[in-house]
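Report on one structure; see the data block that follows.
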Amino acid sequence: MNNVTLKRIAEILGISITTVSKALKNYPDVSKKTKKAVLDLAKELNYTPNSFAVNLRTKESKTIGLIIPEVVHHFFSNVINGIIDEAEKNGYLVITLQSNESLELEKKQVELLLNKRVDGIIMSLSNQSNFDNHIKEIISRGIPLVLFDKISKLVNCSKVIIDDKKAAFEAVEHLIIKGCKKIAHIRGPINPQNAIDRFLGYKMALEKNNIPFDPKLIYTCEKVTFEEGKTFAREIIEQHKDIDGIFVITDLVAVGVLAYFNEIEIKIPQQIKVIGFSNWFMSQVITPKLSTIDQPSYEMGVQSFKLLFEEMSHKKKGTLFLPRTILLDTTVIERDSTNNS
């Protein structure tokens, strides 16, 4: 039987709809005999609660939205796992959407989630996104919002991030400690805050160690791909014969760098040392194994949901919630691409 309602169960048993509802919720003021009759009939008729009606009563959908730039990236897949694991513990479903680094698609996805009446949204912004109208719409509607990894400082919401500037500084200083004197940087696109901060960390490390900053040693990714890593590696070698170190925005691009150097038989780390960022699983598979910055991606997902859940709980109670930022630690992972021994 399809679309079985509380009213139908009540009519069959000759009791009130209220009694049926209380029996299904195990209220103590309903007799065991009545509870058993209701539960047995509900099972026989394959009754399931009308989630839409429940949502109207509780003003909760028990769903949250998650928008990320790309699913295939190891970092984001780990974040998704952390969010989903934590959401399930608290009875929430996660609608996961991929913006493909497109601002227009991100706008449509936000509109979709708002129309679905999700209880909250977690986002890592696309490269083109900042404090645009679709983000302002989330804030103006009072929908709890948490940004992670790729954020905008203009958005007044909770955030889960790492100190990209400090992590990049440590990556470049690692190269300098290993003897590098002329270090190129393959950076991310101009807009995202994490790409900006990693570039600034690179400059800070050079300045601290009295190495002149040379803008000609900066190569800017548009899409942050393996292919860009290979292309820039070729350009670096052709344009700067004396380069001895490269700091790369992320491991995916760094693996492209190593692949090209392997093709033309440049010795790593003897001739050029390379360090990436994020600790992607491929960084341990490629030869030589890639030194990198370990970014706690799963924990970032867990903390993102916890922050969102806290804000959703305050909203439900009608109490004030002040946005805050959680800063997670990073570490330098030294592997063969920077280790001469």
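Ordered as shown in the structure tokens, chains take letters A, B, and onward, while each chain numbers its residues from 1 and ligands are numbered from 1 in the order shown.
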
Who sits within 9 Å of Ile64 of chain A, only C-alpha atoms, same chain under 4 positions skipped, as a PyMOL selection string:
chain A and resi 87+92-96+113+117-122

Exercise: segment 8-15 of chain A partners within 12 Å, only C-alpha atoms, chain neighbours under 2 positions left out, as a ChimeraX atom specification
/A:1-6,17-24,30,33-48

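Reported to one decimal place, the separation of atom CA of Asn156 of chain A from atom CA of Ile84 of chain A is 24.4 Å.
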
If you run DSSP on the backbone, which residues of segment 281-325 of chain A are strand (DSSP E or B), as a list in words?
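Answer for segment 281-325 of chain A restricted to strand (DSSP E or B) is Ser291, Thr292, Ile293, Asp294 and Thr325 of chain A.
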
Write a file of the just-selected residues containing N, CA and C atoms, as a PDB file, in the first residue's frame.
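Saved result, part_39.pdb, follows:
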```pdb
ATOM      1  N   SER A 291      58.572  15.532  -1.189  1.00  0.00           N
ATOM      2  CA  SER A 291      58.452  16.270   0.070  1.00  0.00           C
ATOM      3  C   SER A 291      57.251  17.206  -0.046  1.00  0.00           C
ATOM      4  N   THR A 292      56.569  17.441   1.078  1.00  0.00           N
ATOM      5  CA  THR A 292      55.318  18.197   0.988  1.00  0.00           C
ATOM      6  C   THR A 292      54.925  18.758   2.355  1.00  0.00           C
ATOM      7  N   ILE A 293      53.870  19.532   2.362  1.00  0.00           N
ATOM      8  CA  ILE A 293      53.254  20.012   3.605  1.00  0.00           C
ATOM      9  C   ILE A 293      52.034  19.144   3.876  1.00  0.00           C
ATOM     10  N   ASP A 294      51.987  18.555   5.046  1.00  0.00           N
ATOM     11  CA  ASP A 294      50.843  17.715   5.410  1.00  0.00           C
ATOM     12  C   ASP A 294      49.687  18.602   5.863  1.00  0.00           C
ATOM     13  N   THR A 325      36.878  31.175  13.825  1.00  0.00           N
ATOM     14  CA  THR A 325      37.772  30.484  12.904  1.00  0.00           C
ATOM     15  C   THR A 325      38.597  29.447  13.654  1.00  0.00           C
TER      16      THR A 325
END
```

Neighbour list for Glu173 of chain A as a ChimeraX atom specification, cut-off 12 Å, only C-alpha atoms, skip fewer than 6 positions in-chain:
/A:166-167,179-181,183,201-211,245-247,275,332,338

Find the residues near Ile67 of chain A: any atom within 8 Å, counting only C-alpha atoms, skip ones fewer than 4 places away on the same chain, and give them as a list of chain:residue names.
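Returned residues: A:Thr96, A:Leu97, A:Gln98, A:Ser99, A:Glu106, A:Gln109, A:Ile121, A:Ile122, A:Met123, A:Ser124, A:Leu125.
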
Write out as an MDAnalysis selection string which residues come within 7 Å of segment 304-311 of chain A when counting only C-alpha atoms, dropping same-chain ones fewer than 2 positions away.
chainID A and resid 83 86:87 120 144:146 160 300:302 313:315 321

Selected residues written out with N, CA, C and O atoms, as a JSON list (two decimals), in the first residue's frame:
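result-v6.json, freshly written:
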```
[["chain", "number", "residue", "atom", "x", "y", "z"],
["A", 83, "ILE", "N", 33.37, 15.21, 6.79],
["A", 83, "ILE", "CA", 32.06, 15.86, 6.96],
["A", 83, "ILE", "C", 30.95, 14.83, 7.04],
["A", 83, "ILE", "O", 30.09, 14.89, 7.93],
["A", 86, "GLU", "N", 30.94, 12.77, 10.35],
["A", 86, "GLU", "CA", 30.47, 13.56, 11.49],
["A", 86, "GLU", "C", 28.98, 13.88, 11.35],
["A", 86, "GLU", "O", 28.24, 13.87, 12.34],
["A", 87, "ALA", "N", 28.52, 14.12, 10.12],
["A", 87, "ALA", "CA", 27.11, 14.42, 9.89],
["A", 87, "ALA", "C", 26.23, 13.22, 10.24],
["A", 87, "ALA", "O", 25.17, 13.37, 10.87],
["A", 120, "GLY", "N", 22.04, 24.07, 6.71],
["A", 120, "GLY", "CA", 23.32, 24.78, 6.74],
["A", 120, "GLY", "C", 24.13, 24.44, 5.51],
["A", 120, "GLY", "O", 23.81, 23.47, 4.80],
["A", 144, "PRO", "N", 23.14, 29.05, 8.44],
["A", 144, "PRO", "CA", 24.51, 28.82, 8.95],
["A", 144, "PRO", "C", 25.46, 28.44, 7.81],
["A", 144, "PRO", "O", 25.13, 27.61, 6.97],
["A", 145, "LEU", "N", 26.63, 29.07, 7.80],
["A", 145, "LEU", "CA", 27.61, 28.87, 6.73],
["A", 145, "LEU", "C", 29.00, 28.71, 7.32],
["A", 145, "LEU", "O", 29.41, 29.48, 8.19],
["A", 146, "VAL", "N", 29.72, 27.67, 6.84],
["A", 146, "VAL", "CA", 31.12, 27.47, 7.20],
["A", 146, "VAL", "C", 31.94, 27.39, 5.92],
["A", 146, "VAL", "O", 31.61, 26.63, 5.02],
["A", 160, "VAL", "N", 37.20, 27.12, 8.73],
["A", 160, "VAL", "CA", 38.19, 26.13, 9.17],
["A", 160, "VAL", "C", 39.32, 26.18, 8.17],
["A", 160, "VAL", "O", 39.14, 25.88, 6.99],
["A", 300, "MET", "N", 39.84, 18.60, 8.89],
["A", 300, "MET", "CA", 39.20, 19.83, 8.42],
["A", 300, "MET", "C", 37.71, 19.58, 8.15],
["A", 300, "MET", "O", 36.86, 20.43, 8.46],
["A", 301, "GLY", "N", 37.39, 18.43, 7.60],
["A", 301, "GLY", "CA", 35.99, 18.08, 7.37],
["A", 301, "GLY", "C", 35.23, 17.90, 8.67],
["A", 301, "GLY", "O", 34.11, 18.41, 8.83],
["A", 302, "VAL", "N", 35.83, 17.19, 9.61],
["A", 302, "VAL", "CA", 35.19, 16.97, 10.92],
["A", 302, "VAL", "C", 34.91, 18.29, 11.61],
["A", 302, "VAL", "O", 33.79, 18.55, 12.10],
["A", 313, "SER", "N", 22.53, 24.57, 15.98],
["A", 313, "SER", "CA", 21.93, 24.35, 17.30],
["A", 313, "SER", "C", 21.54, 25.67, 17.94],
["A", 313, "SER", "O", 20.46, 25.80, 18.54],
["A", 314, "HIS", "N", 22.42, 26.68, 17.81],
["A", 314, "HIS", "CA", 22.10, 28.00, 18.35],
["A", 314, "HIS", "C", 20.89, 28.60, 17.64],
["A", 314, "HIS", "O", 20.02, 29.22, 18.28],
["A", 315, "LYS", "N", 20.83, 28.42, 16.31],
["A", 315, "LYS", "CA", 19.71, 28.95, 15.55],
["A", 315, "LYS", "C", 18.40, 28.30, 15.98],
["A", 315, "LYS", "O", 17.37, 28.98, 16.13],
["A", 321, "PHE", "N", 24.93, 33.28, 18.12],
["A", 321, "PHE", "CA", 26.15, 32.55, 17.76],
["A", 321, "PHE", "C", 27.11, 33.51, 17.08],
["A", 321, "PHE", "O", 26.74, 34.19, 16.12]]
```

Pick out each residue of segment 232-291 of chain A that DSSP on the backbone tags as alpha helix (DSSP H); I need them as a VMD selection string.
chain A and resid 232 to 239 251 to 263

Please determine, counting only C-alpha atoms, which residue among A:Ser61, A:Gln271, A:Ser283, A:Gln295 has the shortest atom-to-atom distance to Lys182 of chain A.
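Closest residue, counting only C-alpha atoms: A:Gln271.
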
Non-local contacts of Phe75 of chain A (12 Å; only C-alpha atoms; under 5 positions in same chain excluded) as a count of residues only
26

Which residue gives the smallest distance to Ile266 of chain A among A:Ile143, A:Ile151, A:Ala168, A:Ile237, with only C-alpha atoms counted?
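Closest to Ile266 of chain A, using only C-alpha atoms: A:Ile237.
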
With only C-alpha atoms as the counted atoms, please give the residues lying no more than 6 Å from segment 333-337 of chain A, apart from itself and same-chain residues fewer than 2 positions off, as a PyMOL selection string.
chain A and resi 268-269+273-274+288-293+339

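Minimum distance to Cys157 of chain A across A:Leu322, A:Leu112, A:Leu175, A:Ile243 (counting only C-alpha atoms) occurs at A:Leu322.
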
Quick one: of A:Thr331, A:Ser341, A:Asn100, A:Ser77, who's nearest to His174 of chain A, counting only C-alpha atoms?
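Comparing A:Thr331, A:Ser341, A:Asn100, A:Ser77 against His174 of chain A, the winner is A:Thr331.
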